[in-house]
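Asks: Input target_3.cif, format and content: mmCIF, C-alpha atoms and all ligand atoms.
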data_entry
#
loop_
_atom_site.label_atom_id
_atom_site.label_comp_id
_atom_site.auth_asym_id
_atom_site.auth_seq_id
_atom_site.Cartn_x
_atom_site.Cartn_y
_atom_site.Cartn_z
CA MET A 414 38.00 66.70 26.60
CA THR A 415 36.84 63.83 24.40
CA VAL A 416 34.45 64.91 21.66
CA SER A 417 31.64 62.43 20.97
CA THR A 418 31.49 61.41 17.34
CA PHE A 419 28.51 62.06 15.09
CA GLY A 420 28.25 58.30 14.52
CA ASP A 421 27.99 57.68 18.27
CA ARG A 422 25.32 60.36 18.69
CA LEU A 423 23.38 58.92 15.75
CA GLY A 424 23.43 55.51 17.43
CA GLU A 425 22.17 57.08 20.66
CA ALA A 426 19.39 58.95 18.82
CA PHE A 427 18.29 55.71 17.12
CA ALA A 428 18.28 53.86 20.45
CA ALA A 429 16.30 56.58 22.23
CA ARG A 430 13.85 57.72 19.53
CA GLY A 431 14.11 55.46 16.50
CA GLN A 432 15.17 56.10 12.94
CA LEU A 433 12.75 58.83 11.83
CA CYS A 434 14.07 62.21 10.74
CA VAL A 435 11.58 65.05 10.42
CA GLY A 436 12.30 67.42 7.56
CA ILE A 437 11.90 71.16 8.11
CA ASP A 438 10.91 72.41 4.66
CA PRO A 439 8.87 75.64 4.83
CA HIS A 440 7.43 75.54 1.32
CA SER A 441 5.26 78.59 0.61
CA TRP A 442 2.14 76.38 0.25
CA LEU A 443 2.83 74.79 3.63
CA LEU A 444 3.26 78.20 5.26
CA ALA A 445 -0.11 79.20 3.77
CA GLY A 446 -1.71 75.99 5.03
CA TRP A 447 -0.35 76.66 8.51
CA GLY A 448 -1.74 80.23 8.42
CA LEU A 449 1.75 81.73 8.29
CA ALA A 450 3.18 84.49 6.10
CA ASP A 451 5.46 83.52 3.23
CA SER A 452 8.32 85.40 4.85
CA ALA A 453 11.37 84.86 7.04
CA ALA A 454 9.17 85.34 10.11
CA GLY A 455 6.75 82.71 8.79
CA ALA A 456 9.59 80.26 8.09
CA GLU A 457 10.99 80.85 11.58
CA SER A 458 7.65 80.24 13.26
CA PHE A 459 7.13 77.12 11.13
CA GLY A 460 10.61 75.76 11.85
CA ARG A 461 10.39 76.38 15.57
CA SER A 462 6.98 74.67 15.71
CA VAL A 463 8.38 71.64 13.91
CA VAL A 464 11.26 71.49 16.38
CA ALA A 465 8.83 71.74 19.31
CA ALA A 466 6.70 68.92 17.87
CA ALA A 467 9.71 66.72 17.13
CA ALA A 468 11.38 67.24 20.53
CA GLY A 469 10.86 64.23 22.76
CA ARG A 470 9.22 62.28 19.90
CA ALA A 471 11.79 61.96 17.12
CA GLY A 472 15.56 62.08 17.46
CA ILE A 473 16.59 63.82 14.26
CA VAL A 474 15.51 66.83 12.21
CA LYS A 475 16.67 67.95 8.76
CA PRO A 476 16.16 71.59 7.86
CA GLN A 477 16.19 72.20 4.11
CA VAL A 478 18.26 75.36 3.94
CA ALA A 479 16.94 76.43 0.53
CA PHE A 480 13.56 77.31 2.04
CA PHE A 481 15.25 79.75 4.43
CA GLU A 482 17.83 81.04 1.97
CA ARG A 483 15.08 82.35 -0.31
CA PHE A 484 14.52 85.14 2.24
CA GLY A 485 18.16 86.26 2.14
CA SER A 486 19.86 87.37 5.34
CA ALA A 487 16.53 87.45 7.23
CA GLY A 488 16.03 83.81 6.25
CA PHE A 489 19.42 82.88 7.69
CA VAL A 490 18.58 84.67 10.94
CA ALA A 491 15.34 82.66 11.05
CA LEU A 492 17.26 79.45 10.42
CA GLU A 493 19.79 80.28 13.14
CA ARG A 494 16.94 80.55 15.66
CA VAL A 495 15.43 77.26 14.49
CA LEU A 496 18.84 75.59 14.85
CA ALA A 497 19.32 77.07 18.33
CA ASP A 498 15.96 75.60 19.40
CA ALA A 499 16.86 72.22 17.92
CA ARG A 500 20.22 72.14 19.70
CA ALA A 501 18.58 73.16 22.99
CA ALA A 502 16.00 70.38 22.55
CA GLY A 503 18.78 67.80 22.13
CA LEU A 504 17.76 66.92 18.59
CA LEU A 505 20.36 65.69 16.15
CA VAL A 506 20.36 68.19 13.28
CA ILE A 507 21.29 67.37 9.69
CA GLY A 508 21.58 70.51 7.61
CA ASP A 509 20.42 69.71 4.08
CA VAL A 510 22.76 72.21 2.41
CA LYS A 511 24.23 70.10 -0.42
CA ARG A 512 27.47 72.04 -0.58
CA GLY A 513 30.35 71.15 -2.83
CA ASP A 514 33.37 72.98 -4.24
CA LEU A 515 37.11 72.69 -4.11
CA GLY A 516 39.90 73.55 -1.74
CA THR A 517 39.41 76.48 0.56
CA SER A 518 35.92 77.24 -0.81
CA VAL A 519 34.40 73.96 0.35
CA GLU A 520 36.46 74.27 3.53
CA ALA A 521 34.67 77.57 4.23
CA TYR A 522 31.29 75.82 3.89
CA ALA A 523 32.42 73.22 6.42
CA ASP A 524 33.60 75.98 8.77
CA ALA A 525 30.21 77.69 8.51
CA TRP A 526 28.11 74.63 9.30
CA LEU A 527 30.33 72.38 11.41
CA THR A 528 32.36 74.66 13.68
CA PRO A 529 31.21 74.47 17.29
CA GLY A 530 29.77 77.84 18.29
CA SER A 531 28.99 78.89 14.71
CA PRO A 532 25.49 80.41 14.45
CA LEU A 533 24.71 77.82 11.78
CA GLU A 534 26.19 74.90 13.74
CA VAL A 535 24.55 71.55 12.98
CA ASP A 536 25.57 67.94 13.65
CA ALA A 537 25.99 66.98 10.01
CA ILE A 538 25.49 68.36 6.51
CA THR A 539 24.81 66.96 3.08
CA VAL A 540 27.63 67.46 0.57
CA THR A 541 28.00 66.72 -3.11
CA PRO A 542 30.94 64.51 -4.16
CA PHE A 543 30.50 65.08 -7.88
CA MET A 544 33.64 67.24 -8.04
CA GLY A 545 35.42 64.15 -6.74
CA VAL A 546 35.27 62.66 -3.23
CA GLY A 547 38.84 63.96 -2.83
CA SER A 548 37.55 67.54 -3.16
CA LEU A 549 35.83 66.98 0.21
CA GLN A 550 39.06 66.21 2.06
CA ARG A 551 38.92 69.35 4.23
CA PRO A 552 35.22 69.02 5.14
CA ILE A 553 35.92 65.41 6.10
CA GLU A 554 38.83 66.47 8.32
CA ILE A 555 36.82 69.32 9.87
CA ALA A 556 33.82 67.07 10.51
CA LEU A 557 35.90 64.38 12.19
CA GLN A 558 37.87 66.93 14.22
CA HIS A 559 34.70 68.45 15.68
CA GLY A 560 32.65 65.27 16.12
CA LYS A 561 30.41 66.17 13.19
CA GLY A 562 29.13 64.21 10.20
CA LEU A 563 28.81 64.44 6.44
CA PHE A 564 26.36 62.74 4.10
CA LEU A 565 27.70 62.40 0.57
CA LEU A 566 25.13 62.27 -2.20
CA ALA A 567 25.45 58.87 -3.88
CA ALA A 568 22.06 57.83 -5.34
CA THR A 569 19.57 60.65 -4.93
CA SER A 570 15.82 60.24 -4.93
CA ASN A 571 15.09 62.43 -7.98
CA PRO A 572 14.61 60.64 -11.31
CA GLU A 573 16.87 63.08 -13.21
CA ALA A 574 19.93 61.86 -11.30
CA ALA A 575 20.12 58.35 -12.72
CA GLY A 576 22.07 59.31 -15.85
CA VAL A 577 24.94 60.68 -13.81
CA GLN A 578 24.83 58.44 -10.76
CA GLN A 579 24.46 55.18 -12.73
CA ALA A 580 27.29 56.16 -15.07
CA VAL A 581 30.37 53.95 -14.94
CA VAL A 582 33.62 55.35 -13.57
CA ALA A 583 36.24 55.39 -16.33
CA GLY A 584 39.53 55.11 -14.44
CA GLY A 585 41.25 54.94 -11.08
CA PRO A 586 40.60 52.47 -8.25
CA HIS A 587 36.85 52.43 -8.90
CA ALA A 588 37.00 51.89 -12.66
CA GLY A 589 33.99 49.88 -13.79
CA LEU A 590 31.84 50.75 -10.77
CA THR A 591 28.91 53.12 -10.99
CA VAL A 592 29.43 56.64 -9.66
CA ALA A 593 26.95 55.88 -6.83
CA ARG A 594 28.77 52.68 -5.85
CA ALA A 595 32.16 54.42 -6.03
CA VAL A 596 30.95 57.07 -3.56
CA LEU A 597 29.63 54.34 -1.25
CA GLU A 598 32.96 52.47 -1.40
CA ASP A 599 34.94 55.66 -0.67
CA VAL A 600 32.74 56.48 2.32
CA ALA A 601 33.06 52.94 3.70
CA ARG A 602 36.86 53.15 3.44
CA LEU A 603 36.99 56.63 5.02
CA ASN A 604 34.83 55.42 7.93
CA ALA A 605 37.00 52.36 8.46
CA ASP A 606 40.14 54.56 8.44
CA ALA A 607 38.61 57.02 10.93
CA VAL A 608 37.46 54.47 13.50
CA THR A 609 39.28 54.75 16.80
CA VAL A 610 37.26 52.37 18.97
CA THR A 611 36.86 48.65 18.41
CA THR A 612 33.07 48.46 18.38
CA PRO A 613 31.65 51.71 17.01
CA THR A 614 27.96 51.80 16.16
CA PHE A 615 28.26 53.98 13.10
CA GLY A 616 30.88 55.95 11.29
CA SER A 617 30.46 59.71 11.02
CA LEU A 618 30.43 59.73 7.23
CA GLY A 619 27.28 58.60 5.48
CA VAL A 620 25.69 58.51 2.07
CA VAL A 621 22.39 59.68 0.64
CA LEU A 622 20.46 56.82 -0.97
CA GLY A 623 16.93 57.77 -2.02
CA ALA A 624 13.95 55.69 -0.92
CA THR A 625 12.40 55.93 -4.38
CA LEU A 626 15.09 53.82 -6.04
CA ASP A 627 15.95 50.29 -6.99
CA LEU A 628 19.51 50.52 -5.74
CA ALA A 629 20.58 47.56 -7.90
CA GLU A 630 20.17 49.90 -10.89
CA PHE A 631 22.87 52.03 -9.27
CA GLY A 632 25.19 49.06 -8.94
CA ILE A 633 24.53 48.74 -5.20
CA ASP A 634 23.77 45.25 -3.89
CA VAL A 635 21.94 45.88 -0.62
CA ALA A 636 22.12 42.20 0.30
CA ALA A 637 25.89 42.39 0.32
CA ALA A 638 26.72 45.18 2.75
CA PRO A 639 29.77 44.27 4.81
CA LYS A 640 28.68 42.60 8.04
CA ASN A 641 30.41 45.29 10.12
CA CYS A 642 29.09 48.08 7.89
CA LEU A 643 29.47 51.42 9.63
CA THR A 644 27.98 53.64 6.95
CA PRO A 645 24.80 55.50 7.91
CA VAL A 646 22.33 56.17 5.11
CA LEU A 647 20.30 59.35 4.87
CA ALA A 648 17.14 58.27 3.06
CA PRO A 649 14.90 61.00 1.65
CA GLY A 650 12.06 60.05 -0.66
CA PHE A 651 9.68 58.42 1.82
CA GLY A 652 6.14 59.78 1.88
CA HIS A 653 5.47 62.51 -0.65
CA GLN A 654 7.93 61.18 -3.26
CA GLY A 655 6.41 57.70 -3.09
CA GLY A 656 8.79 55.69 -0.89
CA ASN A 657 6.92 53.50 1.61
CA ILE A 658 8.19 52.82 5.13
CA MET A 659 6.86 49.25 4.82
CA ASP A 660 9.50 48.69 2.11
CA LEU A 661 12.41 49.87 4.27
CA VAL A 662 14.06 46.46 4.46
CA SER A 663 13.46 45.52 0.83
CA ILE A 664 14.91 48.84 -0.37
CA TYR A 665 17.93 48.95 1.94
CA GLY A 666 18.59 45.30 2.87
CA GLU A 667 21.66 44.97 5.07
CA TYR A 668 21.91 48.76 5.32
CA ALA A 669 18.44 49.10 6.92
CA GLY A 670 19.78 49.30 10.48
CA GLY A 671 21.67 52.50 9.59
CA VAL A 672 18.92 54.19 7.58
CA ILE A 673 17.69 57.62 8.63
CA VAL A 674 14.11 57.65 7.38
CA SER A 675 13.53 61.23 6.28
CA GLU A 676 10.09 62.67 5.61
CA SER A 677 9.15 66.30 5.07
CA ARG A 678 5.93 67.13 3.18
CA SER A 679 4.05 63.97 4.19
CA VAL A 680 4.26 64.87 7.88
CA LEU A 681 4.39 68.67 7.61
CA SER A 682 1.21 68.76 5.53
CA GLN A 683 -0.71 67.35 8.51
CA GLY A 684 -0.72 70.93 9.85
CA SER A 685 0.60 72.37 13.06
CA ASP A 686 -2.20 70.91 15.20
CA ARG A 687 -1.72 67.33 14.07
CA LEU A 688 2.04 67.37 13.54
CA ALA A 689 3.05 65.91 16.92
CA ALA A 690 0.62 63.00 16.50
CA ALA A 691 1.81 62.43 12.92
CA ILE A 692 5.44 62.29 14.09
CA GLU A 693 4.56 59.82 16.86
CA ARG A 694 2.73 57.64 14.35
CA ARG A 695 5.66 57.63 11.91
CA VAL A 696 8.16 56.85 14.68
CA SER A 697 6.07 53.81 15.67
CA GLU A 698 5.64 52.72 12.05
CA VAL A 699 9.39 52.78 11.45
CA GLY A 700 9.96 51.03 14.79
CA ALA A 701 7.46 48.30 13.85
CA VAL A 702 9.16 47.69 10.51
CA ARG A 703 12.58 47.48 12.17
CA GLY A 704 11.17 45.13 14.84
O1 LIG B 801 18.14 62.62 -2.77
C1 LIG B 801 17.62 63.52 -2.14
C2 LIG B 801 18.33 64.37 -1.33
C3 LIG B 801 17.66 65.31 -0.59
N1 LIG B 801 16.33 65.44 -0.68
C4 LIG B 801 15.69 66.46 0.16
O2 LIG B 801 14.89 65.80 1.15
C5 LIG B 801 13.66 66.46 1.32
C6 LIG B 801 12.53 65.56 0.85
O3 LIG B 801 11.30 66.17 1.08
P1 LIG B 801 9.90 65.38 0.95
O4 LIG B 801 8.89 66.44 1.15
O5 LIG B 801 9.88 64.34 2.06
O6 LIG B 801 9.85 64.78 -0.39
C7 LIG B 801 13.75 67.76 0.54
O7 LIG B 801 14.29 68.74 1.40
C8 LIG B 801 14.75 67.42 -0.56
O8 LIG B 801 15.47 68.53 -1.04
C9 LIG B 801 15.62 64.61 -1.49
O9 LIG B 801 14.37 64.68 -1.59
N2 LIG B 801 16.28 63.66 -2.20
#
Can you turn what I pasted into structure tokens?
Ligand SMILES: O=c1ccn([C@@H]2O[C@H](COP(=O)(O)O)[C@@H](O)[C@H]2O)c(=O)[nH]1

Replies:
Amino acid sequence: MTVSTFGDRLGEAFAARGQLCVGIDPHSWLLAGWGLADSAAGAESFGRSVVAAAAGRAGIVKPQVAFFERFGSAGFVALERVLADARAAGLLVIGDVKRGDLGTSVEAYADAWLTPGSPLEVDAITVTPFMGVGSLQRPIEIALQHGKGLFLLAATSNPEAAGVQQAVVAGGPHAGLTVARAVLEDVARLNADAVTVTTPTFGSLGVVLGATLDLAEFGIDVAAAPKNCLTPVLAPGFGHQGGNIMDLVSIYGEYAGGVIVSESRSVLSQGSDRLAAAIERRVSEVGAVRG
């Protein structure tokens, strides 16, 4: 049986529902605002409601695992139920887990999140390449084997990251490039190497580039993406952190067609009653900007 690739499913989700990704971040203040307990049960109810509101409106959801993990094993059970709902609704799920380690340790993270049939199965996860992109070799292999995806942090939306991600690589093939640019180049090469069909929409390996940034400061020239660029971009930072959907093209330039516009607090804070309408509005706004 041929396994569809994450990149193909991302292209289908974009075509059917646009480029919005709804974050599932059950902050304690949001649970309170929604009239829910600050507990695993509250996080489960919140997450399942977000999935129900997103289903048929947006194509992609991104649970932030930290907000479930804070309730220990009960939080993971809650998350497993949210993920089961999302899979059943046909949503593409990006687990914001930001895992990174070496060898068999990082391999175990990939097994947990990317193995078909795993209770925590998602379509893609976020991973950190700051132990070296090479340390992610096994997650990359596991993702590609199972038709899953990875998003490597490259230029993150938080202001504290600039010192590390704008730093210049000292040696090796990327000497002289910024760390962020080096990650982007590695991902582009890995995608090109993995492609098996002549006209793929997207590769299955992407990068995180925050919507709050001037990417030129990270050594990334968004006007100069390769014309056949396959690299999807997970873009947190819209909404609450200050990124504006109207600036999508000026922030991401030639990458804009592959940008997953991720918003959490700005839509979730609308409350459970108004969430579906807020998602519909955002989907249309992103669609209007993309033309
Ligand atoms: O660079 C990054 C990477 C991940 N995030 C995560 O995305 C959401 C953003 O939430 P908002 O409420 O829309 O600000 C959150 O889960 C972050 O951990 C990010 O913000 N920046």

Asks: Could you tell me how far CA of Ala454 in chain A lies from atom O4 of ligand LIG 801 (chain B), in Å and to one decimal?

Replies: 20.9 Å

Asks: Go ahead and compute the interatomic distance for CA of Phe484 in chain A and CA of Gly460 in chain A, in Å to one decimal.

Replies: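 About the pair CA of Phe484 in chain A and CA of Gly460 in chain A: they are 14.0 Å apart.
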
Asks: Could you tell me, counting all atoms listed in the file, which protein and nucleic acid residues lie no more than 6 Å from ligand LIG 801 (chain B), written as a tab-separated table (two decimals) with C-alpha atoms, keeping the file's coordinate frame?

Replies:
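File written: pocket_30.tsv
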chain	number	residue	atom	x	y	z
A	438	ASP	CA	10.91	72.41	4.66
A	477	GLN	CA	16.19	72.20	4.11
A	569	THR	CA	19.57	60.65	-4.93
A	570	SER	CA	15.82	60.24	-4.93
A	623	GLY	CA	16.93	57.77	-2.02
A	649	PRO	CA	14.90	61.00	1.65
A	650	GLY	CA	12.06	60.05	-0.66
A	651	PHE	CA	9.68	58.42	1.82
A	652	GLY	CA	6.14	59.78	1.88
A	653	HIS	CA	5.47	62.51	-0.65
A	654	GLN	CA	7.93	61.18	-3.26
A	676	GLU	CA	10.09	62.67	5.61
A	677	SER	CA	9.15	66.30	5.07
A	678	ARG	CA	5.93	67.13	3.18

Asks: Would you pick out the contacts of Val680 in chain A at 12 Å or less, using only C-alpha atoms, so that residues sharing its chain but fewer than 2 positions from it are not included, and give the list as a PyMOL selection string?

Replies: chain A and resi 433-438+443+463+466-467+651-653+675-678+682-696

Asks: Is it possible to get the residues within 9 Å of (11.6, 50.5, 5.0) (coordinates as in the file, counting all atoms listed in the file) written as a PyMOL selection string?

Replies: chain A and resi 624+651+656-666+669+672+674+699+702-703

Asks: How far is it from CA of Thr591 in chain A to CA of Val519 in chain A, in Å with one decimal?

Replies: 24.4 Å

Asks: Using only C-alpha atoms, which protein or nucleic acid residues come within 9 Å of range 488-498 of chain A? Drop anything in the same chain fewer than 2 positions from it, and give the result as JSON, numbers by chain.

Replies: {"A": [452, 453, 454, 455, 456, 457, 458, 459, 460, 461, 462, 464, 465, 476, 478, 480, 481, 482, 483, 484, 485, 486, 500, 501, 502, 503, 504, 506, 532, 533, 534, 535]}

Asks: Residues near Ala593 in chain A, anyone? I mean within 8 Å using all atoms listed in the file, not counting same-chain ones fewer than 5 positions away, as a list in words.

Replies: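 Surrounding residues, per the criterion: Ala567, Ala568, Gln578, Gln579, Phe631, Gly632 and Ile633 of chain A.
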
Asks: What's the 12 Å shell around Ala638 in chain A, counting all atoms listed in the file, without same-chain residues fewer than 2 positions away, as an MDAnalysis selection string?

Replies: chainID A and resid 594 597:598 601 633:636 640:645 665:671

Asks: Please return as a PyMOL selection string every residue within 12 Å of (29.2, 78.4, 3.3), taking into account all atoms listed in the file and the file's own coordinates.

Replies: chain A and resi 478+482+489+508+510-514+517-528+531-534+538+540+552

Asks: Identify which of the residues A:Gly469, A:Pro542, A:Gly448, A:Pro439 lies closest to Ala426 in chain A, counting only C-alpha atoms when measuring atom-to-atom distances.

Replies: A:Gly469

Asks: In terms of the shortest atom-to-atom distance over all atoms listed in the file, which of A:Gly576, A:Gly472, A:Gly562, A:Gly446 is closest to Leu618 in chain A?

Replies: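 Once distances to Leu618 in chain A are computed over all atoms listed in the file, the minimum belongs to A:Gly562.
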
Asks: Mind filling out range 450-461 of chain A with all heavy atoms and sending it as a compact mmCIF listing (two decimals), in the coordinates of the input?

Replies:
# COMPACT_ATOMS: atom_id res chain seq x y z
N ALA A 450 2.76 83.67 7.24
CA ALA A 450 3.18 84.49 6.10
C ALA A 450 4.31 83.80 5.34
O ALA A 450 5.12 83.08 5.95
CB ALA A 450 3.65 85.85 6.60
N ASP A 451 4.36 84.04 4.04
CA ASP A 451 5.46 83.52 3.23
C ASP A 451 6.63 84.50 3.36
O ASP A 451 6.92 85.29 2.46
CB ASP A 451 5.01 83.38 1.77
CG ASP A 451 6.01 82.59 0.95
OD1 ASP A 451 6.91 81.94 1.54
OD2 ASP A 451 5.92 82.64 -0.30
N SER A 452 7.27 84.44 4.51
CA SER A 452 8.32 85.40 4.85
C SER A 452 9.31 84.71 5.79
O SER A 452 9.05 83.59 6.26
CB SER A 452 7.72 86.61 5.58
OG SER A 452 7.19 86.18 6.84
N ALA A 453 10.39 85.43 6.09
CA ALA A 453 11.37 84.86 7.04
C ALA A 453 10.71 84.60 8.39
O ALA A 453 10.96 83.58 9.03
CB ALA A 453 12.55 85.82 7.19
N ALA A 454 9.85 85.53 8.82
CA ALA A 454 9.17 85.34 10.11
C ALA A 454 8.28 84.10 10.07
O ALA A 454 8.21 83.32 11.04
CB ALA A 454 8.35 86.58 10.46
N GLY A 455 7.60 83.90 8.95
CA GLY A 455 6.75 82.71 8.79
C GLY A 455 7.58 81.44 8.83
O GLY A 455 7.23 80.46 9.50
N ALA A 456 8.72 81.45 8.12
CA ALA A 456 9.59 80.26 8.09
C ALA A 456 10.15 79.99 9.49
O ALA A 456 10.27 78.82 9.90
CB ALA A 456 10.72 80.47 7.09
N GLU A 457 10.47 81.04 10.22
CA GLU A 457 10.99 80.85 11.58
C GLU A 457 9.93 80.21 12.48
O GLU A 457 10.20 79.25 13.21
CB GLU A 457 11.43 82.19 12.18
CG GLU A 457 11.90 82.04 13.61
CD GLU A 457 12.36 83.36 14.25
OE1 GLU A 457 12.77 84.27 13.51
OE2 GLU A 457 12.28 83.45 15.50
N SER A 458 8.71 80.77 12.41
CA SER A 458 7.65 80.24 13.26
C SER A 458 7.37 78.77 12.91
O SER A 458 7.22 77.91 13.80
CB SER A 458 6.41 81.12 13.03
OG SER A 458 5.35 80.62 13.72
N PHE A 459 7.34 78.49 11.61
CA PHE A 459 7.13 77.12 11.13
C PHE A 459 8.23 76.20 11.66
O PHE A 459 7.96 75.16 12.27
CB PHE A 459 7.15 77.15 9.59
CG PHE A 459 6.93 75.84 8.91
CD1 PHE A 459 5.67 75.46 8.48
CD2 PHE A 459 8.00 74.99 8.64
CE1 PHE A 459 5.47 74.26 7.81
CE2 PHE A 459 7.81 73.79 7.98
CZ PHE A 459 6.54 73.42 7.56
N GLY A 460 9.48 76.61 11.46
CA GLY A 460 10.61 75.76 11.85
C GLY A 460 10.63 75.51 13.35
O GLY A 460 10.88 74.39 13.79
N ARG A 461 10.35 76.56 14.12
CA ARG A 461 10.39 76.38 15.57
C ARG A 461 9.24 75.48 16.04
O ARG A 461 9.39 74.71 16.99
CB ARG A 461 10.37 77.75 16.26
CG ARG A 461 11.63 78.55 15.90
CD ARG A 461 11.66 79.92 16.52
NE ARG A 461 12.18 79.87 17.86
CZ ARG A 461 12.56 80.95 18.56
NH1 ARG A 461 12.48 82.15 18.00
NH2 ARG A 461 13.02 80.83 19.76
